[in-house]
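Text of coords.tsv, listed as TSV, C-alpha atoms:
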chain	number	residue	atom	x	y	z
A	30	MET	CA	82.76	-152.08	-278.81
A	31	GLU	CA	83.29	-149.11	-276.60
A	32	LEU	CA	80.82	-148.33	-273.87
A	33	LYS	CA	78.87	-145.23	-274.73
A	34	ASN	CA	76.01	-145.00	-272.29
A	35	THR	CA	77.87	-145.08	-269.02
A	36	ASP	CA	76.97	-141.48	-268.40
A	37	ALA	CA	74.32	-141.51	-265.68
A	38	GLY	CA	71.08	-139.65	-266.26
A	39	SER	CA	71.49	-139.09	-269.96
A	40	TRP	CA	68.52	-139.21	-272.34
A	41	SER	CA	68.37	-140.42	-275.90
A	42	PRO	CA	69.24	-137.54	-278.25
A	43	TYR	CA	66.19	-138.49	-280.33
A	44	ILE	CA	63.85	-138.01	-277.35
A	45	ALA	CA	65.55	-134.86	-276.04
A	46	GLY	CA	65.76	-133.44	-279.57
A	47	GLY	CA	62.11	-134.20	-280.30
A	48	LEU	CA	61.06	-132.58	-277.03
A	49	SER	CA	63.14	-129.53	-277.97
A	50	GLY	CA	61.14	-129.38	-281.18
A	51	LEU	CA	57.98	-129.20	-279.06
A	52	VAL	CA	59.52	-126.43	-276.94
A	53	ILE	CA	60.18	-124.48	-280.16
A	54	ILE	CA	56.56	-124.94	-281.32
A	55	VAL	CA	55.18	-123.76	-277.95
A	56	SER	CA	57.56	-120.79	-277.94
A	57	VAL	CA	56.48	-119.70	-281.42
A	58	LEU	CA	52.78	-120.16	-280.65
A	59	TRP	CA	53.00	-118.35	-277.33
A	60	THR	CA	55.45	-115.52	-277.89
A	61	GLY	CA	56.18	-115.65	-281.64
A	62	GLN	CA	59.87	-116.25	-280.91
A	63	PHE	CA	62.01	-118.64	-282.91
A	64	PHE	CA	65.27	-119.84	-281.36
A	65	GLY	CA	68.46	-117.90	-282.01
A	66	ALA	CA	71.57	-116.99	-280.07
A	67	SER	CA	74.16	-114.97	-281.92
A	68	THR	CA	72.32	-111.62	-281.86
A	69	SER	CA	72.62	-111.76	-278.07
A	70	PHE	CA	76.39	-111.53	-278.38
A	71	VAL	CA	76.01	-108.38	-280.46
A	72	ARG	CA	73.76	-106.85	-277.81
A	73	SER	CA	76.20	-107.95	-275.07
A	74	ALA	CA	79.15	-106.44	-276.93
A	75	GLY	CA	77.14	-103.23	-277.29
A	76	MET	CA	76.26	-103.14	-273.60
A	77	LEU	CA	79.90	-103.71	-272.69
A	78	GLY	CA	80.92	-101.03	-275.16
A	79	LYS	CA	78.46	-98.58	-273.60
A	80	VAL	CA	80.49	-98.84	-270.41
A	81	THR	CA	83.92	-98.40	-272.01
A	82	GLY	CA	83.14	-96.06	-274.91
A	83	PRO	CA	79.51	-94.87	-275.03
A	84	GLU	CA	80.15	-92.34	-277.82
A	85	ARG	CA	81.56	-94.98	-280.14
A	86	VAL	CA	78.68	-97.39	-279.56
A	87	ARG	CA	76.10	-94.69	-280.23
A	88	HIS	CA	77.57	-94.08	-283.66
A	89	LEU	CA	78.16	-97.64	-284.80
A	90	GLU	CA	75.46	-98.52	-287.28
A	91	TYR	CA	75.34	-102.14	-286.23
A	92	PHE	CA	74.46	-101.22	-282.65
A	93	ILE	CA	71.70	-98.98	-283.95
A	94	ARG	CA	70.29	-101.93	-285.84
A	95	TYR	CA	70.70	-104.22	-282.83
A	96	LEU	CA	70.21	-102.01	-279.79
A	97	PRO	CA	72.39	-102.87	-276.79
A	98	GLN	CA	69.60	-104.00	-274.50
A	99	ILE	CA	68.29	-107.12	-272.83
A	100	ASP	CA	65.62	-108.88	-274.89
A	101	TRP	CA	63.85	-112.24	-275.16
A	102	GLN	CA	66.81	-113.90	-276.87
A	103	LEU	CA	69.44	-112.78	-274.37
A	104	MET	CA	67.28	-114.15	-271.54
A	105	PHE	CA	66.87	-117.34	-273.57
A	106	VAL	CA	70.66	-117.74	-273.83
A	107	ILE	CA	71.02	-117.15	-270.07
A	108	GLY	CA	68.22	-119.68	-269.53
A	109	ILE	CA	70.20	-122.34	-271.39
A	110	PHE	CA	72.97	-121.91	-268.81
A	111	VAL	CA	70.48	-122.23	-265.94
A	112	GLY	CA	68.69	-125.23	-267.46
A	113	SER	CA	71.93	-127.09	-268.06
A	114	LEU	CA	73.11	-126.30	-264.52
A	115	ILE	CA	69.86	-127.70	-263.08
A	116	ALA	CA	69.99	-130.86	-265.23
A	117	SER	CA	73.65	-131.57	-264.55
A	118	VAL	CA	73.56	-130.99	-260.79
A	119	TRP	CA	70.36	-133.00	-260.50
A	120	SER	CA	71.73	-136.01	-262.39
A	121	GLY	CA	75.20	-135.76	-260.88
A	122	SER	CA	76.90	-135.19	-264.22
A	123	PHE	CA	78.10	-131.69	-263.33
A	124	LYS	CA	81.88	-131.68	-263.62
A	125	TRP	CA	84.30	-128.80	-263.21
A	126	GLN	CA	86.58	-129.22	-266.21
A	127	GLY	CA	88.67	-126.70	-268.14
A	128	VAL	CA	90.12	-129.02	-270.80
A	129	PRO	CA	87.79	-131.41	-272.70
A	130	ASP	CA	88.87	-135.09	-272.80
A	131	MET	CA	89.22	-135.29	-276.56
A	132	TRP	CA	91.26	-132.08	-276.61
A	133	ALA	CA	93.53	-133.32	-273.80
A	134	GLU	CA	94.23	-136.56	-275.65
A	135	ARG	CA	95.54	-134.65	-278.66
A	136	PHE	CA	96.91	-131.37	-277.30
A	137	GLY	CA	97.67	-132.04	-273.65
A	138	THR	CA	96.10	-130.81	-270.44
A	139	SER	CA	97.21	-127.17	-270.44
A	140	PRO	CA	94.16	-125.03	-269.72
A	141	VAL	CA	96.01	-121.97	-271.05
A	142	LYS	CA	96.52	-123.50	-274.48
A	143	ARG	CA	92.91	-124.68	-274.57
A	144	GLY	CA	91.66	-121.30	-273.35
A	145	LEU	CA	93.60	-119.39	-275.97
A	146	VAL	CA	92.37	-121.53	-278.85
A	147	ALA	CA	88.79	-121.42	-277.50
A	148	PHE	CA	88.97	-117.61	-277.30
A	149	ILE	CA	90.28	-117.24	-280.85
A	150	GLY	CA	87.77	-119.82	-282.08
A	151	GLY	CA	85.00	-117.82	-280.41
A	152	ILE	CA	86.03	-114.60	-282.17
A	153	ILE	CA	86.14	-116.29	-285.58
A	154	ALA	CA	82.90	-118.23	-285.05
A	155	MET	CA	80.92	-115.17	-284.00
A	156	PHE	CA	82.26	-113.02	-286.82
A	157	GLY	CA	81.16	-115.74	-289.23
A	158	ALA	CA	77.77	-116.18	-287.60
A	159	ARG	CA	77.00	-112.47	-287.90
A	160	LEU	CA	78.13	-112.43	-291.52
A	161	ALA	CA	76.01	-115.50	-292.27
A	162	GLY	CA	73.05	-113.92	-290.46
A	163	GLY	CA	72.79	-116.53	-287.74
A	164	CYS	CA	74.25	-119.53	-285.91
A	165	PRO	CA	73.23	-123.20	-285.67
A	166	SER	CA	70.21	-122.10	-283.59
A	167	GLY	CA	68.96	-119.29	-285.81
A	168	HIS	CA	69.91	-120.68	-289.20
A	169	GLY	CA	70.20	-124.33	-288.26
A	170	LEU	CA	67.15	-125.02	-286.10
A	171	SER	CA	64.83	-122.10	-286.86
A	172	GLY	CA	65.81	-121.72	-290.51
A	173	MET	CA	65.56	-125.41	-291.33
A	174	ILE	CA	62.24	-125.75	-289.49
A	175	GLN	CA	60.81	-123.03	-291.74
A	176	LEU	CA	62.42	-124.64	-294.82
A	177	ALA	CA	64.40	-121.45	-295.44
A	178	VAL	CA	66.98	-121.67	-298.21
A	179	SER	CA	69.30	-119.36	-296.24
A	180	GLY	CA	69.19	-121.77	-293.29
A	181	LEU	CA	70.04	-124.74	-295.49
A	182	ILE	CA	73.02	-123.01	-297.15
A	183	ALA	CA	74.40	-121.71	-293.85
A	184	MET	CA	73.96	-125.06	-292.12
A	185	ILE	CA	75.82	-126.92	-294.88
A	186	PHE	CA	78.74	-124.49	-294.67
A	187	PHE	CA	78.82	-124.54	-290.85
A	188	PHE	CA	79.61	-128.22	-291.18
A	189	VAL	CA	81.96	-127.83	-294.16
A	190	GLY	CA	84.03	-125.27	-292.22
A	191	GLY	CA	83.91	-127.35	-289.05
A	192	ILE	CA	84.98	-130.54	-290.79
A	193	ILE	CA	87.88	-128.74	-292.53
A	194	MET	CA	89.13	-127.27	-289.25
A	195	THR	CA	88.93	-130.52	-287.29
A	196	ARG	CA	90.68	-132.31	-290.17
A	197	LEU	CA	93.44	-129.69	-289.96
A	198	ILE	CA	93.99	-129.72	-286.23
A	199	TYR	CA	93.41	-133.42	-285.54
A	200	CYS	CA	94.92	-134.52	-288.89
A	201	GLY	CA	94.48	-138.19	-288.15
A	202	GLY	CA	96.16	-137.73	-284.77
A	203	ASN	CA	94.48	-139.98	-282.25
A	204	LYS	CA	92.09	-142.62	-283.54
B	3	MET	CA	58.85	-107.90	-268.85
B	4	GLN	CA	56.69	-110.95	-269.54
B	5	MET	CA	58.69	-111.49	-272.72
B	6	LEU	CA	61.92	-111.59	-270.73
B	7	ILE	CA	60.54	-114.16	-268.30
B	8	MET	CA	59.27	-116.27	-271.20
B	9	GLY	CA	62.72	-116.09	-272.77
B	10	LEU	CA	64.36	-117.26	-269.58
B	11	LEU	CA	61.87	-120.10	-269.11
B	12	THR	CA	62.17	-121.27	-272.71
B	13	GLY	CA	65.95	-121.23	-272.34
B	14	ILE	CA	65.78	-123.26	-269.13
B	15	PHE	CA	63.71	-125.97	-270.83
B	16	PHE	CA	66.01	-126.02	-273.85
B	17	GLY	CA	69.18	-126.00	-271.73
B	18	PHE	CA	67.81	-128.87	-269.62
B	19	LEU	CA	67.20	-130.96	-272.75
B	20	LEU	CA	70.56	-130.04	-274.30
B	21	GLN	CA	72.38	-131.18	-271.17
B	22	LYS	CA	70.29	-134.36	-270.88
B	23	ALA	CA	71.28	-135.35	-274.42
B	24	ARG	CA	74.93	-134.38	-273.70
B	25	VAL	CA	75.05	-132.28	-276.84
B	26	VAL	CA	76.62	-129.24	-275.16
B	27	ARG	CA	80.00	-130.98	-274.79
B	28	TYR	CA	83.13	-130.36	-276.81
B	29	ASP	CA	83.64	-134.09	-277.31
B	30	LYS	CA	80.16	-134.46	-278.80
B	31	GLN	CA	80.42	-131.42	-281.07
B	32	ILE	CA	83.88	-132.21	-282.38
B	33	GLY	CA	82.96	-135.92	-282.37
B	34	ALA	CA	80.34	-135.16	-285.02
B	35	LEU	CA	82.76	-133.11	-287.11
B	36	ARG	CA	85.19	-136.04	-286.98
B	37	PHE	CA	82.44	-138.52	-287.87
B	38	GLN	CA	82.91	-140.44	-284.63
B	39	ASP	CA	79.76	-139.64	-282.69
B	40	MET	CA	76.58	-138.31	-284.30
B	41	THR	CA	74.75	-137.40	-281.08
B	42	ILE	CA	74.41	-133.70	-281.95
B	43	ILE	CA	73.08	-134.52	-285.44
B	44	LYS	CA	70.49	-136.88	-283.95
B	45	PHE	CA	69.39	-134.19	-281.49
B	46	MET	CA	69.33	-131.39	-284.04
B	47	MET	CA	67.54	-133.34	-286.74
B	48	SER	CA	64.94	-134.68	-284.28
B	49	ALA	CA	64.21	-131.12	-283.13
B	50	ILE	CA	64.04	-129.94	-286.75
B	51	ILE	CA	61.57	-132.58	-288.00
B	52	VAL	CA	59.24	-132.18	-285.00
B	53	GLY	CA	59.42	-128.38	-285.25
B	54	MET	CA	59.02	-128.46	-289.03
B	55	VAL	CA	55.78	-130.46	-288.94
B	56	GLY	CA	54.37	-128.48	-286.00
B	57	ILE	CA	55.19	-125.01	-287.26
B	58	HIS	CA	53.84	-125.66	-290.75
B	59	PHE	CA	50.72	-127.29	-289.30
B	60	PHE	CA	49.89	-124.23	-287.20
B	61	GLU	CA	50.86	-121.93	-290.04
B	62	VAL	CA	48.05	-123.40	-292.15
B	63	PHE	CA	45.61	-122.05	-289.53
B	64	GLY	CA	47.39	-118.71	-289.39
B	65	LEU	CA	48.48	-119.28	-285.80
B	66	VAL	CA	52.17	-118.68	-286.39
B	67	GLN	CA	54.09	-116.03	-288.26
B	68	LEU	CA	57.12	-117.36	-290.13
B	69	MET	CA	60.31	-115.39	-289.53
B	70	TYR	CA	63.38	-116.43	-291.43
B	71	LYS	CA	66.42	-114.78	-292.97
B	72	PRO	CA	66.73	-113.73	-296.62
B	73	VAL	CA	69.07	-115.58	-298.94
B	74	VAL	CA	72.29	-113.68	-299.49
B	75	ILE	CA	74.47	-116.30	-301.09
B	76	GLY	CA	77.84	-114.59	-300.49
B	77	GLU	CA	77.11	-113.98	-296.81
B	78	ASN	CA	75.47	-117.34	-296.15
B	79	ILE	CA	78.40	-119.24	-297.68
B	80	ALA	CA	81.34	-117.10	-296.48
B	81	GLY	CA	79.82	-116.50	-293.04
B	82	GLY	CA	78.86	-120.15	-292.70
B	83	MET	CA	82.35	-121.23	-293.63
B	84	ILE	CA	84.04	-118.76	-291.24
B	85	PHE	CA	81.69	-119.82	-288.45
B	86	GLY	CA	82.55	-123.45	-289.13
B	87	LEU	CA	86.29	-122.83	-288.95
B	88	GLY	CA	85.89	-121.07	-285.60
B	89	TRP	CA	83.51	-123.76	-284.37
B	90	GLY	CA	86.09	-126.43	-285.17
B	91	LEU	CA	88.58	-124.63	-282.92
B	92	LEU	CA	86.16	-123.82	-280.11
B	93	GLY	CA	83.98	-126.92	-280.11
B	94	TYR	CA	80.98	-125.01	-278.76
B	95	CYS	CA	78.09	-123.14	-280.42
B	96	PRO	CA	76.83	-119.65	-279.51
B	97	GLY	CA	73.63	-121.08	-278.06
B	98	THR	CA	74.93	-124.20	-276.41
B	99	GLN	CA	78.15	-122.98	-274.82
B	100	GLY	CA	76.19	-121.39	-271.98
B	101	GLY	CA	74.95	-124.92	-271.39
B	102	ALA	CA	78.51	-126.24	-271.41
B	103	LEU	CA	79.43	-123.68	-268.74
B	104	GLY	CA	76.28	-124.71	-266.84
B	105	GLU	CA	77.54	-128.27	-266.50
B	106	GLY	CA	80.95	-127.06	-265.33
B	107	ARG	CA	82.96	-127.07	-268.55
B	108	TRP	CA	84.52	-123.70	-267.82
B	109	ASP	CA	86.67	-123.50	-270.96
B	110	ALA	CA	83.37	-122.38	-272.54
B	111	LEU	CA	83.94	-119.10	-270.70
B	112	TRP	CA	86.80	-118.31	-273.09
B	113	GLY	CA	84.54	-119.06	-276.01
B	114	ILE	CA	81.85	-116.75	-274.64
B	115	LEU	CA	84.38	-113.94	-274.18
B	116	GLY	CA	85.75	-114.55	-277.67
B	117	MET	CA	82.25	-114.35	-279.10
B	118	VAL	CA	81.53	-111.03	-277.43
B	119	VAL	CA	84.79	-109.73	-278.91
B	120	GLY	CA	83.90	-111.24	-282.30
B	121	ALA	CA	80.51	-109.52	-282.24
B	122	GLY	CA	82.18	-106.19	-281.41
B	123	LEU	CA	84.66	-106.72	-284.21
B	124	TYR	CA	81.83	-107.37	-286.64
B	125	ALA	CA	80.08	-104.18	-285.53
B	126	GLU	CA	83.32	-102.24	-286.10
B	127	THR	CA	83.87	-103.63	-289.59
B	128	TYR	CA	80.18	-103.49	-290.55
B	129	PRO	CA	80.34	-100.10	-292.34
B	130	PHE	CA	83.22	-101.38	-294.49
B	131	LEU	CA	81.51	-104.71	-295.14
B	132	MET	CA	78.31	-102.87	-296.09
B	133	GLN	CA	80.19	-101.00	-298.80
B	134	ARG	CA	82.30	-103.80	-300.19
B	135	VAL	CA	81.00	-107.22	-299.32
B	136	LEU	CA	77.45	-107.44	-298.05
B	137	GLY	CA	74.52	-108.04	-300.32
B	138	TRP	CA	76.33	-110.17	-302.89
B	139	GLY	CA	73.93	-112.76	-304.29
B	140	TYR	CA	70.79	-111.35	-302.68
B	141	PHE	CA	67.69	-113.41	-303.47
B	142	GLY	CA	65.45	-112.24	-300.64
B	143	LEU	CA	63.10	-114.39	-298.60
B	144	LEU	CA	62.98	-117.80	-300.17
B	145	THR	CA	61.92	-121.23	-298.95
B	146	ILE	CA	62.89	-124.61	-300.36
B	147	PRO	CA	59.32	-125.37	-301.60
B	148	GLU	CA	59.24	-121.97	-303.37
B	149	LEU	CA	62.64	-122.58	-304.91
B	150	ILE	CA	61.73	-125.91	-306.46
B	151	GLY	CA	58.07	-125.04	-306.95
B	152	VAL	CA	56.36	-127.82	-305.04
B	153	ASN	CA	53.98	-128.09	-302.09
B	154	GLN	CA	55.65	-127.59	-298.70
B	155	TRP	CA	54.23	-130.84	-297.33
B	156	LEU	CA	55.96	-132.81	-300.06
B	157	VAL	CA	59.29	-131.26	-299.04
B	158	ILE	CA	58.55	-131.99	-295.38
B	159	LEU	CA	57.69	-135.61	-296.21
B	160	VAL	CA	60.85	-136.16	-298.25
B	161	PHE	CA	63.05	-134.39	-295.68
B	162	THR	CA	61.59	-136.31	-292.74
B	163	SER	CA	61.94	-139.66	-294.56
B	164	GLY	CA	65.54	-138.83	-295.40
B	165	VAL	CA	66.33	-137.94	-291.79
B	166	ILE	CA	64.74	-141.13	-290.47
B	167	ALA	CA	66.74	-143.19	-292.98
B	168	LEU	CA	69.87	-141.35	-291.80
B	169	PHE	CA	69.02	-142.24	-288.18
B	170	PHE	CA	68.73	-145.93	-289.06
B	171	TRP	CA	72.07	-145.75	-290.83
B	172	PHE	CA	73.71	-144.05	-287.79
B	173	GLU	CA	72.39	-146.80	-285.49
B	174	LYS	CA	73.51	-149.54	-287.85
B	175	LYS	CA	77.00	-148.04	-287.97
B	176	GLY	CA	77.04	-147.39	-284.22
B	177	LEU	CA	77.73	-143.69	-284.66
Please go through the file and, once you have read it, give me the structure as structure tokens.
Amino acid sequence: MELKNTDAGSWSPYIAGGLSGLVIIVSVLWTGQFFGASTSFVRSAGMLGKVTGPERVRHLEYFIRYLPQIDWQLMFVIGIFVGSLIASVWSGSFKWQGVPDMWAERFGTSPVKRGLVAFIGGIIAMFGARLAGGCPSGHGLSGMIQLAVSGLIAMIFFFVGGIIMTRLIYCGGNK
Amino acid sequence: MQMLIMGLLTGIFFGFLLQKARVVRYDKQIGALRFQDMTIIKFMMSAIIVGMVGIHFFEVFGLVQLMYKPVVIGENIAGGMIFGLGWGLLGYCPGTQGGALGEGRWDALWGILGMVVGAGLYAETYPFLMQRVLGWGYFGLLTIPELIGVNQWLVILVFTSGVIALFFWFEKKGL
């Protein structure tokens, strides 16, 4: 058996997940906001676009639908960064690392190669999330919690796509 | 302004819990897609069942307003699939990759940049997609209980039981 819980300061995913469920309930009761993340990337792209080509952004329909401004969700996404920073520094599990272990085992330790694939993966993932109408937060967590059919379909296909891609790139490589 | 602060605070709590459960990491995300480590599924499903019971409980008293996405089969499936393929390359989600950066995994930065580009790309192609692709298989707002015509609590009971059985199976298999 491999040792799995050597990572200091980690909590059971059942406990942390359940507590996250409570955070969602409080958030909805207090501010009416369900969790989501991908819309924030649209707003960020719009804000960036306003700097480089304001005319273009003003005429793109999608940025009229999702105005390039800071809202609850964008602050929420920034908060996730802050919360994780606090937790990791506090427990001593913060680690400056540009190539994940599993990746390095299969594809080597080049941060350029990893960075390039991560960048391309990010483009594809976000395009898909916007087409689907949400990501694993919006469709996965929030959609499933509300028993939405759209959330269930999207969630199933997030995993189908993910499993296909990892099959392709790891193709029975290590382990 | 208060909304923005609430967003940040909610994100901090969520990010803290995500990091504690280690679900923000590439190895955990890809580990689930390769059926080697089900940590992210345990976290996600725990959050979903707690949130599901809580949100529907408060909804009975009219204390929460449900807010979910309509079913558009073409978009939910194609978008979900495309997201999954990108996710398999990146190994981070739109919401959680900020958390990955927060604990020092700086390859997430490439994913974040890619996602901003992906969102911009979607905004650029949106007028074309609107004409040709979007809206295929539109069924509007639909929940699972409405679809199969049963009481929501029955669905919640069956779903929760299924998830708990899945958890026992994961633990038995050491996943």
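Counting from atom CA of Ala125 of chain B, the distance to atom CA of Glu84 of chain A is 14.1 Å.
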- Task: Measuring atom to atom with all atoms listed in the file, identify which of A:Tyr199, A:Phe110, A:Phe64, A:Trp119 is nearest to Ala37 of chain A.
- Result: A:Trp119
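Nearest to Val52 of chain B of all the residues A:Leu170, A:Ala66, A:Val128, A:Leu51 is A:Leu51, counting all atoms listed in the file.
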- Any idea what's packed within 10 Å of Pro129 of chain A, counting all atoms listed in the file, ignoring anything in its chain fewer than 6 positions away? Could you give it as a list in words? Gly137, Thr138, Pro140 and Arg143 of chain A; Arg27, Tyr28, Asp29, Gly93, Arg107, Trp108 and Asp109 of chain B
- Residue nearest Leu136 of chain B among B:Met54, B:Ile42, B:Val73, B:Ala23 (counting all atoms listed in the file): B:Val73
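The space between atom CA of Ile50 of chain B and atom CA of Ser56 of chain A spans 14.3 Å.
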- Out of B:Gly53, B:Gly104, B:Gly90, B:Gly17, which residue has the shortest atom-to-atom distance to Ser122 of chain A when counting all atoms listed in the file? B:Gly104
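Excluding Gly142 of chain B itself and same-chain residues fewer than 5 positions from it, the residues having an atom within 9 Å of it are B:Lys71, B:Pro72, B:Val73, B:Val74, counting only C-alpha atoms.
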- Query: In terms of the shortest atom-to-atom distance over all atoms listed in the file, which of A:Gly75, A:Gly180, A:Gly112, A:Gly167 is closest to chain B?
  - Reply: A:Gly112
Complete the atoms of segment 72-97 of chain B to N, CA and C atoms and put them out as an mmCIF file, keeping the file's coordinate frame.
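And here's selection.cif as it stands now:
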data_model
loop_
_atom_site.group_PDB
_atom_site.id
_atom_site.type_symbol
_atom_site.label_atom_id
_atom_site.label_comp_id
_atom_site.auth_asym_id
_atom_site.auth_seq_id
_atom_site.Cartn_x
_atom_site.Cartn_y
_atom_site.Cartn_z
ATOM 1 N N PRO B 72 66.652 -113.724 -295.153
ATOM 2 C CA PRO B 72 66.730 -113.730 -296.620
ATOM 3 C C PRO B 72 67.976 -114.483 -297.106
ATOM 4 N N VAL B 73 67.914 -114.934 -298.336
ATOM 5 C CA VAL B 73 69.070 -115.580 -298.940
ATOM 6 C C VAL B 73 70.028 -114.511 -299.447
ATOM 7 N N VAL B 74 71.245 -114.519 -298.937
ATOM 8 C CA VAL B 74 72.290 -113.680 -299.490
ATOM 9 C C VAL B 74 73.468 -114.635 -299.674
ATOM 10 N N ILE B 75 73.577 -115.169 -300.865
ATOM 11 C CA ILE B 75 74.470 -116.300 -301.090
ATOM 12 C C ILE B 75 75.895 -116.064 -300.583
ATOM 13 N N GLY B 76 76.472 -114.895 -300.917
ATOM 14 C CA GLY B 76 77.840 -114.590 -300.490
ATOM 15 C C GLY B 76 77.982 -114.659 -298.977
ATOM 16 N N GLU B 77 77.035 -114.017 -298.271
ATOM 17 C CA GLU B 77 77.110 -113.980 -296.810
ATOM 18 C C GLU B 77 76.829 -115.330 -296.187
ATOM 19 N N ASN B 78 75.826 -116.036 -296.710
ATOM 20 C CA ASN B 78 75.470 -117.340 -296.150
ATOM 21 C C ASN B 78 76.633 -118.328 -296.295
ATOM 22 N N ILE B 79 77.297 -118.299 -297.459
ATOM 23 C CA ILE B 79 78.400 -119.240 -297.680
ATOM 24 C C ILE B 79 79.660 -118.815 -296.923
ATOM 25 N N ALA B 80 80.097 -117.554 -297.132
ATOM 26 C CA ALA B 80 81.340 -117.100 -296.480
ATOM 27 C C ALA B 80 81.176 -117.096 -294.958
ATOM 28 N N GLY B 81 80.064 -116.551 -294.488
ATOM 29 C CA GLY B 81 79.820 -116.500 -293.040
ATOM 30 C C GLY B 81 79.723 -117.895 -292.458
ATOM 31 N N GLY B 82 79.002 -118.777 -293.170
ATOM 32 C CA GLY B 82 78.860 -120.150 -292.700
ATOM 33 C C GLY B 82 80.207 -120.829 -292.582
ATOM 34 N N MET B 83 81.025 -120.627 -293.595
ATOM 35 C CA MET B 83 82.350 -121.230 -293.630
ATOM 36 C C MET B 83 83.232 -120.694 -292.486
ATOM 37 N N ILE B 84 83.228 -119.368 -292.311
ATOM 38 C CA ILE B 84 84.040 -118.760 -291.240
ATOM 39 C C ILE B 84 83.556 -119.258 -289.879
ATOM 40 N N PHE B 85 82.218 -119.298 -289.711
ATOM 41 C CA PHE B 85 81.690 -119.820 -288.450
ATOM 42 C C PHE B 85 82.214 -121.237 -288.209
ATOM 43 N N GLY B 86 82.136 -122.066 -289.268
ATOM 44 C CA GLY B 86 82.550 -123.450 -289.130
ATOM 45 C C GLY B 86 84.007 -123.596 -288.708
ATOM 46 N N LEU B 87 84.863 -122.769 -289.295
ATOM 47 C CA LEU B 87 86.290 -122.830 -288.950
ATOM 48 C C LEU B 87 86.496 -122.478 -287.474
ATOM 49 N N GLY B 88 85.798 -121.443 -287.014
ATOM 50 C CA GLY B 88 85.890 -121.070 -285.600
ATOM 51 C C GLY B 88 85.304 -122.135 -284.694
ATOM 52 N N TRP B 89 84.193 -122.701 -285.124
ATOM 53 C CA TRP B 89 83.510 -123.760 -284.370
ATOM 54 C C TRP B 89 84.433 -124.965 -284.186
ATOM 55 N N GLY B 90 85.167 -125.300 -285.244
ATOM 56 C CA GLY B 90 86.090 -126.430 -285.170
ATOM 57 C C GLY B 90 87.204 -126.212 -284.149
ATOM 58 N N LEU B 91 87.560 -124.944 -283.929
ATOM 59 C CA LEU B 91 88.580 -124.630 -282.920
ATOM 60 C C LEU B 91 87.967 -124.630 -281.518
ATOM 61 N N LEU B 92 86.796 -123.997 -281.417
ATOM 62 C CA LEU B 92 86.160 -123.820 -280.110
ATOM 63 C C LEU B 92 85.457 -125.078 -279.623
ATOM 64 N N GLY B 93 84.710 -125.717 -280.515
ATOM 65 C CA GLY B 93 83.980 -126.920 -280.110
ATOM 66 C C GLY B 93 82.694 -126.631 -279.348
ATOM 67 N N TYR B 94 82.261 -125.381 -279.363
ATOM 68 C CA TYR B 94 80.980 -125.010 -278.760
ATOM 69 C C TYR B 94 80.246 -124.067 -279.720
ATOM 70 N N CYS B 95 78.903 -124.038 -279.594
ATOM 71 C CA CYS B 95 78.090 -123.140 -280.420
ATOM 72 C C CYS B 95 77.662 -121.934 -279.586
ATOM 73 N N PRO B 96 77.270 -120.832 -280.252
ATOM 74 C CA PRO B 96 76.830 -119.650 -279.510
ATOM 75 C C PRO B 96 75.702 -119.960 -278.512
ATOM 76 N N GLY B 97 74.759 -120.785 -278.933
ATOM 77 C CA GLY B 97 73.630 -121.080 -278.060
ATOM 78 C C GLY B 97 73.952 -122.087 -276.978
#
